[in-house]
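To start, the structure under review is shown below, and the notes come after it.
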Amino acid sequence: MSQFPAGSLEAVQFTGPGSVPAMADLVRKYRPQVSYAHSPALGTLRFYGDRDVELNFKLQQWAAVVHGRVVVLPEPMYQA
């Protein structure tokens with residue numbers, strides 16, 4: 001059973017370089033002051049610089065908005 005009703009969760013999956021702009025748009029919508037660094041070799045995307053709270057994504061993880069905050073969700077949790 002899903003924890004989130006279909007269509008009620010604003011989310012973007014990190015699938016590689018092509019998803020970086022969409023990830024950045026979503027994160028900056030809620031945390032406009034962040035910067036980000038993408039490492040294609042490591043398959044990671046890191047957002048930093050806003051309130052000293054970092055968001056670190058690995059391939060296939062999701063940026064999701066939960067209660068007005070952007071959080072990292074692993075794929076199995078999002079699909080649950």
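By convention here, the chains of the structure tokens are called A, B, ... in the order presented, each chain's residues are numbered starting at 1, and ligands are numbered starting at 1 in the order presented.
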Please identify all polymer residues within 7 Å of A:Tyr36, counting only C-alpha atoms, omitting same-chain residues fewer than 4 positions from it, and present them as a list in words.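 Contacts, in chain order: Arg46, Phe47 and Tyr48 of chain A.
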Need to verify the contact set: stretch 60-77 of chain A, 9 Å, only C-alpha atoms, exclusion of same-chain residues closer than 6 positions in sequence. Can you return it as JSON, numbers by chain? {"A": [2, 3, 9, 10, 11, 12, 13, 14, 15, 16, 23, 26, 27, 30, 31]}
